[in-house]
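Below: the structure, in C-alpha cells.
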Amino acid sequence: MSSMTTRSLFICLGIFFTEISSQDCNQLRSRLHEANLANLNLLTRNIGSTIPQKCIRDIIDSSLYTSEENLTNMVNELQGQNAKVAIKELLQQIDLIFKENHSELAWDENSVRKFHIGLDQERKNAEACWKTEVARGTRSPRGQKLQLTRLRVKRYFQRLRDFLKNKEYNLCAWKIIQIQIRECFKWINQLNQRIPSKDT
C-alpha cells in the first residue's frame with residue numbers, strides 16, 4: 001500500500017471516528033438522563049419504602065452532618081460549565097461513598113456491582129464530552145469558580161462520610177445516606193436540563 005493511500009486511509013478513519021464521537025456527545029444529555037434514571041431506580045428499590053423505627057435517633061443525629069440546604073441553593077444557581085462540573089463531581093463522590101464499608105448496606109453484591117458500573121459509565125460519558133477549565137488549571141476567575149463548585153460538592157460528601165464513620169457504617173446510617181444520595185440523583189437531572197444543547 002502506497003504512503004499516499006495509507007495517509008488517506010488514516011484521514012478517513014479519523015473523520016469517521018470524530019463523527020461517531022460527535023454524534024455520541026450530541027446525545028449525551030439523553031444518555032445521561034437514561035443512565036441517571038436507571039441508577040436512581042436501582043437505589044430506590046434497595047432503599048425500601050420504610051425506615052426502621054430503630055433508626056429515628058440516627059435520623060435526628062444526621063441533621064448535624066447531612067444538612068443539604070447550602071448545596072441545594074448552589075445547585076439551583078448553577079448553569080453551563082458549572083453544572084457540568086457539579087454533575088461530574090456528584091457522580092464521582094456517589095461512586096466513592098458506595099465504596100466505603102457497606103457490609104450493613106443490605107444490598108446484594110450484584111446490585112452493588114451494577115450500581116458502580118452504571119455510575120462509572122455515566123461519569124466516563126460526561127468526561128469524554130465535557131471539557132472544562134478545571135482540567136486546565138484554576139488561574140482564571142472562571143476556572144476558580146468551577147473549582148469552588150467541585151470543592152463544595154466534595155465538602156458535602158465528606159460530611160456524609162463522617163456521619164457514616166461516626167455511626168460505624170450501621171444499617172440506619174446507610175439508610176439515611178441512601179436517601180441523601182437519592183436527592184443527589186435528582187439534582188443531577190435538574191443540572192442536566194440546564195446545560196444548553198450546544199454545550200453537549
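FYI, nothing fancy with the C-alpha cells labels: chains A, B, ... in order, residues from 1 per chain, ligands from 1 as they appear.
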Determine, using only C-alpha atoms, which residues of segment 42-92 of chain A have any atom at most 8 Å from an atom of segment 123-132 of chain A, and tabulate each with its shortest atom pair and distance in Å to one decimal place, rows ordered by chain and then rising number, as JSON lines.
{"residue": "A:Gln81", "atom": "CA", "partner": "A:Thr132", "partner_atom": "CA", "distance": 6.6}
{"residue": "A:Lys84", "atom": "CA", "partner": "A:Trp130", "partner_atom": "CA", "distance": 7.1}
{"residue": "A:Val85", "atom": "CA", "partner": "A:Thr132", "partner_atom": "CA", "distance": 7.6}
{"residue": "A:Lys88", "atom": "CA", "partner": "A:Arg123", "partner_atom": "CA", "distance": 6.0}
{"residue": "A:Leu91", "atom": "CA", "partner": "A:Arg123", "partner_atom": "CA", "distance": 6.2}
{"residue": "A:Gln92", "atom": "CA", "partner": "A:Arg123", "partner_atom": "CA", "distance": 7.1}
- Query: Can you tell me, as a VMD selection string, what residues are no more than 12 Å from Asp95 of chain A when counting only C-alpha atoms, ignoring any on the same chain fewer than 5 positions away?
  - Reply: chain A and resid 39 88 to 90 100 112 to 123 157 181 184 to 185
Print the selection's residues with N, CA, C and O atoms to a file, as a PDB file, in the first residue's frame.
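Okay, this is what ended up in out_36.pdb:
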ATOM      1  N   ASN A  39     -29.897   4.395  37.553  1.00  0.00           N
ATOM      2  CA  ASN A  39     -29.196   4.369  38.839  1.00  0.00           C
ATOM      3  C   ASN A  39     -30.130   4.766  39.980  1.00  0.00           C
ATOM      4  O   ASN A  39     -30.098   4.178  41.066  1.00  0.00           O
ATOM      5  N   LYS A  88     -20.350  15.939  37.211  1.00  0.00           N
ATOM      6  CA  LYS A  88     -19.216  15.007  37.236  1.00  0.00           C
ATOM      7  C   LYS A  88     -18.749  14.738  38.660  1.00  0.00           C
ATOM      8  O   LYS A  88     -18.443  13.602  39.021  1.00  0.00           O
ATOM      9  N   GLU A  89     -18.719  15.786  39.488  1.00  0.00           N
ATOM     10  CA  GLU A  89     -18.262  15.601  40.869  1.00  0.00           C
ATOM     11  C   GLU A  89     -19.286  14.828  41.692  1.00  0.00           C
ATOM     12  O   GLU A  89     -18.925  13.996  42.530  1.00  0.00           O
ATOM     13  N   LEU A  90     -20.565  15.072  41.468  1.00  0.00           N
ATOM     14  CA  LEU A  90     -21.602  14.301  42.165  1.00  0.00           C
ATOM     15  C   LEU A  90     -21.484  12.815  41.841  1.00  0.00           C
ATOM     16  O   LEU A  90     -21.537  11.961  42.737  1.00  0.00           O
ATOM     17  N   GLU A 100     -17.251   2.739  50.497  1.00  0.00           N
ATOM     18  CA  GLU A 100     -16.997   2.658  51.932  1.00  0.00           C
ATOM     19  C   GLU A 100     -17.479   1.294  52.442  1.00  0.00           C
ATOM     20  O   GLU A 100     -18.114   0.536  51.713  1.00  0.00           O
ATOM     21  N   VAL A 112     -24.732  -3.973  43.972  1.00  0.00           N
ATOM     22  CA  VAL A 112     -23.647  -3.020  44.239  1.00  0.00           C
ATOM     23  C   VAL A 112     -22.756  -2.894  43.007  1.00  0.00           C
ATOM     24  O   VAL A 112     -22.397  -1.788  42.580  1.00  0.00           O
ATOM     25  N   ARG A 113     -22.398  -4.027  42.416  1.00  0.00           N
ATOM     26  CA  ARG A 113     -21.541  -4.024  41.231  1.00  0.00           C
ATOM     27  C   ARG A 113     -22.232  -3.316  40.066  1.00  0.00           C
ATOM     28  O   ARG A 113     -21.619  -2.506  39.355  1.00  0.00           O
ATOM     29  N   LYS A 114     -23.510  -3.598  39.869  1.00  0.00           N
ATOM     30  CA  LYS A 114     -24.270  -2.966  38.787  1.00  0.00           C
ATOM     31  C   LYS A 114     -24.352  -1.457  38.991  1.00  0.00           C
ATOM     32  O   LYS A 114     -24.255  -0.672  38.030  1.00  0.00           O
ATOM     33  N   PHE A 115     -24.497  -1.044  40.237  1.00  0.00           N
ATOM     34  CA  PHE A 115     -24.576   0.373  40.579  1.00  0.00           C
ATOM     35  C   PHE A 115     -23.264   1.077  40.230  1.00  0.00           C
ATOM     36  O   PHE A 115     -23.258   2.141  39.607  1.00  0.00           O
ATOM     37  N   HIS A 116     -22.137   0.474  40.631  1.00  0.00           N
ATOM     38  CA  HIS A 116     -20.828   1.058  40.340  1.00  0.00           C
ATOM     39  C   HIS A 116     -20.585   1.142  38.833  1.00  0.00           C
ATOM     40  O   HIS A 116     -20.052   2.140  38.333  1.00  0.00           O
ATOM     41  N   ILE A 117     -20.960   0.102  38.106  1.00  0.00           N
ATOM     42  CA  ILE A 117     -20.770   0.091  36.650  1.00  0.00           C
ATOM     43  C   ILE A 117     -21.584   1.221  36.005  1.00  0.00           C
ATOM     44  O   ILE A 117     -21.099   1.936  35.128  1.00  0.00           O
ATOM     45  N   GLY A 118     -22.823   1.382  36.466  1.00  0.00           N
ATOM     46  CA  GLY A 118     -23.676   2.444  35.934  1.00  0.00           C
ATOM     47  C   GLY A 118     -23.109   3.826  36.200  1.00  0.00           C
ATOM     48  O   GLY A 118     -23.093   4.687  35.314  1.00  0.00           O
ATOM     49  N   LEU A 119     -22.617   4.051  37.415  1.00  0.00           N
ATOM     50  CA  LEU A 119     -22.015   5.340  37.760  1.00  0.00           C
ATOM     51  C   LEU A 119     -20.760   5.598  36.945  1.00  0.00           C
ATOM     52  O   LEU A 119     -20.533   6.705  36.449  1.00  0.00           O
ATOM     53  N   ASP A 120     -19.935   4.562  36.817  1.00  0.00           N
ATOM     54  CA  ASP A 120     -18.679   4.695  36.081  1.00  0.00           C
ATOM     55  C   ASP A 120     -18.936   5.041  34.616  1.00  0.00           C
ATOM     56  O   ASP A 120     -18.274   5.918  34.047  1.00  0.00           O
ATOM     57  N   GLN A 121     -19.904   4.380  34.010  1.00  0.00           N
ATOM     58  CA  GLN A 121     -20.221   4.649  32.607  1.00  0.00           C
ATOM     59  C   GLN A 121     -20.776   6.051  32.433  1.00  0.00           C
ATOM     60  O   GLN A 121     -20.429   6.766  31.479  1.00  0.00           O
ATOM     61  N   GLU A 122     -21.638   6.450  33.353  1.00  0.00           N
ATOM     62  CA  GLU A 122     -22.231   7.783  33.289  1.00  0.00           C
ATOM     63  C   GLU A 122     -21.137   8.854  33.394  1.00  0.00           C
ATOM     64  O   GLU A 122     -21.118   9.831  32.638  1.00  0.00           O
ATOM     65  N   ARG A 123     -20.209   8.643  34.316  1.00  0.00           N
ATOM     66  CA  ARG A 123     -19.122   9.609  34.517  1.00  0.00           C
ATOM     67  C   ARG A 123     -18.182   9.654  33.312  1.00  0.00           C
ATOM     68  O   ARG A 123     -17.763  10.719  32.876  1.00  0.00           O
ATOM     69  N   PHE A 157     -20.036  15.733  50.612  1.00  0.00           N
ATOM     70  CA  PHE A 157     -19.859  14.285  50.711  1.00  0.00           C
ATOM     71  C   PHE A 157     -18.912  13.900  51.841  1.00  0.00           C
ATOM     72  O   PHE A 157     -19.040  12.812  52.405  1.00  0.00           O
ATOM     73  N   ILE A 181     -28.386  10.410  48.861  1.00  0.00           N
ATOM     74  CA  ILE A 181     -27.898  10.140  47.505  1.00  0.00           C
ATOM     75  C   ILE A 181     -29.046  10.209  46.496  1.00  0.00           C
ATOM     76  O   ILE A 181     -28.871  10.650  45.356  1.00  0.00           O
ATOM     77  N   CYS A 184     -29.315  13.554  45.416  1.00  0.00           N
ATOM     78  CA  CYS A 184     -28.217  13.901  44.502  1.00  0.00           C
ATOM     79  C   CYS A 184     -28.550  13.522  43.069  1.00  0.00           C
ATOM     80  O   CYS A 184     -28.244  14.274  42.130  1.00  0.00           O
ATOM     81  N   PHE A 185     -29.173  12.364  42.877  1.00  0.00           N
ATOM     82  CA  PHE A 185     -29.562  11.964  41.527  1.00  0.00           C
ATOM     83  C   PHE A 185     -30.613  12.923  40.965  1.00  0.00           C
ATOM     84  O   PHE A 185     -30.617  13.226  39.768  1.00  0.00           O
TER      85      PHE A 185
END
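With atom CA of Ile176 of chain A on one side and atom CA of Ser62 of chain A on the other, the separation reads 7.6 Å.
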Using only C-alpha atoms, find each residue of segment 64-157 of chain A with at least one atom at most 10 Å away from an atom of segment 46-55 of chain A; report its shortest atom-to-atom pair and that distance in Å (one decimal), sort the rows by chain and rising residue number, and return the result as a Markdown table.
| residue | atom | partner | partner_atom | distance |
| --- | --- | --- | --- | --- |
| A:Leu105 | CA | A:Asn46 | CA | 9.1 |
| A:Ala106 | CA | A:Asn46 | CA | 7.8 |
| A:Trp107 | CA | A:Asn46 | CA | 6.5 |
| A:Asp108 | CA | A:Asn46 | CA | 9.2 |
| A:Ser111 | CA | A:Asn46 | CA | 8.6 |
| A:Val112 | CA | A:Asn46 | CA | 10.0 |
File dump, residues just selected, all heavy atoms, as an mmCIF file, in the first residue's frame:
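So the final result, stored in again.cif, reads:
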data_model
loop_
_atom_site.group_PDB
_atom_site.id
_atom_site.type_symbol
_atom_site.label_atom_id
_atom_site.label_comp_id
_atom_site.auth_asym_id
_atom_site.auth_seq_id
_atom_site.Cartn_x
_atom_site.Cartn_y
_atom_site.Cartn_z
ATOM 1 N N LEU A 105 -25.082 -2.508 54.328
ATOM 2 C CA LEU A 105 -25.875 -1.781 53.344
ATOM 3 C C LEU A 105 -27.151 -2.526 52.956
ATOM 4 O O LEU A 105 -28.121 -1.929 52.525
ATOM 5 C CB LEU A 105 -25.018 -1.522 52.093
ATOM 6 C CG LEU A 105 -25.623 -0.703 50.963
ATOM 7 C CD1 LEU A 105 -26.085 0.661 51.458
ATOM 8 C CD2 LEU A 105 -24.618 -0.528 49.835
ATOM 9 N N ALA A 106 -27.167 -3.823 53.103
ATOM 10 C CA ALA A 106 -28.333 -4.654 52.790
ATOM 11 C C ALA A 106 -28.620 -4.713 51.290
ATOM 12 O O ALA A 106 -29.758 -4.909 50.873
ATOM 13 C CB ALA A 106 -29.574 -4.170 53.549
ATOM 14 N N TRP A 107 -27.590 -4.517 50.471
ATOM 15 C CA TRP A 107 -27.687 -4.749 49.038
ATOM 16 C C TRP A 107 -26.985 -6.066 48.735
ATOM 17 O O TRP A 107 -25.997 -6.408 49.379
ATOM 18 C CB TRP A 107 -26.958 -3.661 48.252
ATOM 19 C CG TRP A 107 -27.605 -2.309 48.192
ATOM 20 C CD1 TRP A 107 -28.301 -1.683 49.171
ATOM 21 C CD2 TRP A 107 -27.552 -1.409 47.087
ATOM 22 N NE1 TRP A 107 -28.695 -0.454 48.765
ATOM 23 C CE2 TRP A 107 -28.247 -0.247 47.483
ATOM 24 C CE3 TRP A 107 -26.996 -1.475 45.818
ATOM 25 C CZ2 TRP A 107 -28.398 0.851 46.638
ATOM 26 C CZ3 TRP A 107 -27.130 -0.370 44.980
ATOM 27 C CH2 TRP A 107 -27.834 0.769 45.383
ATOM 28 N N ASP A 108 -27.468 -6.774 47.720
ATOM 29 C CA ASP A 108 -26.699 -7.934 47.285
ATOM 30 C C ASP A 108 -25.524 -7.439 46.434
ATOM 31 O O ASP A 108 -25.573 -6.349 45.856
ATOM 32 C CB ASP A 108 -27.577 -8.909 46.487
ATOM 33 C CG ASP A 108 -28.103 -8.300 45.200
ATOM 34 O OD1 ASP A 108 -27.409 -8.381 44.177
ATOM 35 O OD2 ASP A 108 -29.208 -7.721 45.229
ATOM 36 N N SER A 111 -26.106 -6.150 42.873
ATOM 37 C CA SER A 111 -26.681 -4.805 42.777
ATOM 38 C C SER A 111 -25.615 -3.733 42.997
ATOM 39 O O SER A 111 -25.591 -2.707 42.315
ATOM 40 C CB SER A 111 -27.808 -4.625 43.795
ATOM 41 O OG SER A 111 -28.931 -5.418 43.463
ATOM 42 N N VAL A 112 -24.732 -3.973 43.972
ATOM 43 C CA VAL A 112 -23.647 -3.020 44.239
ATOM 44 C C VAL A 112 -22.756 -2.894 43.007
ATOM 45 O O VAL A 112 -22.397 -1.788 42.580
ATOM 46 C CB VAL A 112 -22.806 -3.459 45.459
ATOM 47 C CG1 VAL A 112 -21.593 -2.554 45.627
ATOM 48 C CG2 VAL A 112 -23.653 -3.441 46.723
#
- Item | Which residue of A:Ala173, A:Leu160, A:Leu28, A:Ile179 approaches Ser103 of chain A most closely, using only C-alpha atoms | A:Ala173
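Coordinates place atom CA of Asn101 of chain A at a distance of 22.1 Å from atom CA of Asn41 of chain A.
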- Item | Between atom CA of Gln193 of chain A and atom CA of Arg45 of chain A - distance in Å to one decimal |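 We find that atom CA of Arg45 of chain A and atom CA of Gln193 of chain A lie 24.5 Å from each other.
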- Task: Just the residues within 8 Å of Asn82 of chain A, please, counting only C-alpha atoms, with nothing from its chain fewer than 3 positions along; format it as a PyMOL selection string.
- Result: chain A and resi 78-79+85-86+145-146+149
Go ahead and write the residues just picked, N, CA, C and O atoms, as a tab-separated table (two decimals), in the first residue's frame.
chain	number	residue	atom	x	y	z
A	78	LEU	N	-26.67	26.93	39.51
A	78	LEU	CA	-25.65	26.54	38.53
A	78	LEU	C	-26.20	26.44	37.11
A	78	LEU	O	-27.31	25.98	36.89
A	79	GLN	N	-25.36	26.87	36.17
A	79	GLN	CA	-25.69	26.80	34.75
A	79	GLN	C	-24.43	26.36	33.99
A	79	GLN	O	-23.32	26.41	34.52
A	85	VAL	N	-19.52	20.58	35.82
A	85	VAL	CA	-18.57	20.25	36.88
A	85	VAL	C	-19.29	19.61	38.06
A	85	VAL	O	-18.83	18.61	38.63
A	86	ALA	N	-20.44	20.17	38.42
A	86	ALA	CA	-21.20	19.63	39.55
A	86	ALA	C	-21.68	18.21	39.27
A	86	ALA	O	-21.60	17.33	40.13
A	145	LYS	N	-13.99	29.61	39.85
A	145	LYS	CA	-15.39	29.37	40.19
A	145	LYS	C	-15.77	27.91	39.99
A	145	LYS	O	-16.49	27.32	40.80
A	146	LEU	N	-15.25	27.32	38.90
A	146	LEU	CA	-15.52	25.90	38.66
A	146	LEU	C	-14.91	25.04	39.76
A	146	LEU	O	-15.51	24.07	40.22
A	149	THR	N	-17.01	25.10	42.84
A	149	THR	CA	-18.17	24.21	42.72
A	149	THR	C	-17.79	22.79	43.10
A	149	THR	O	-18.49	22.12	43.85
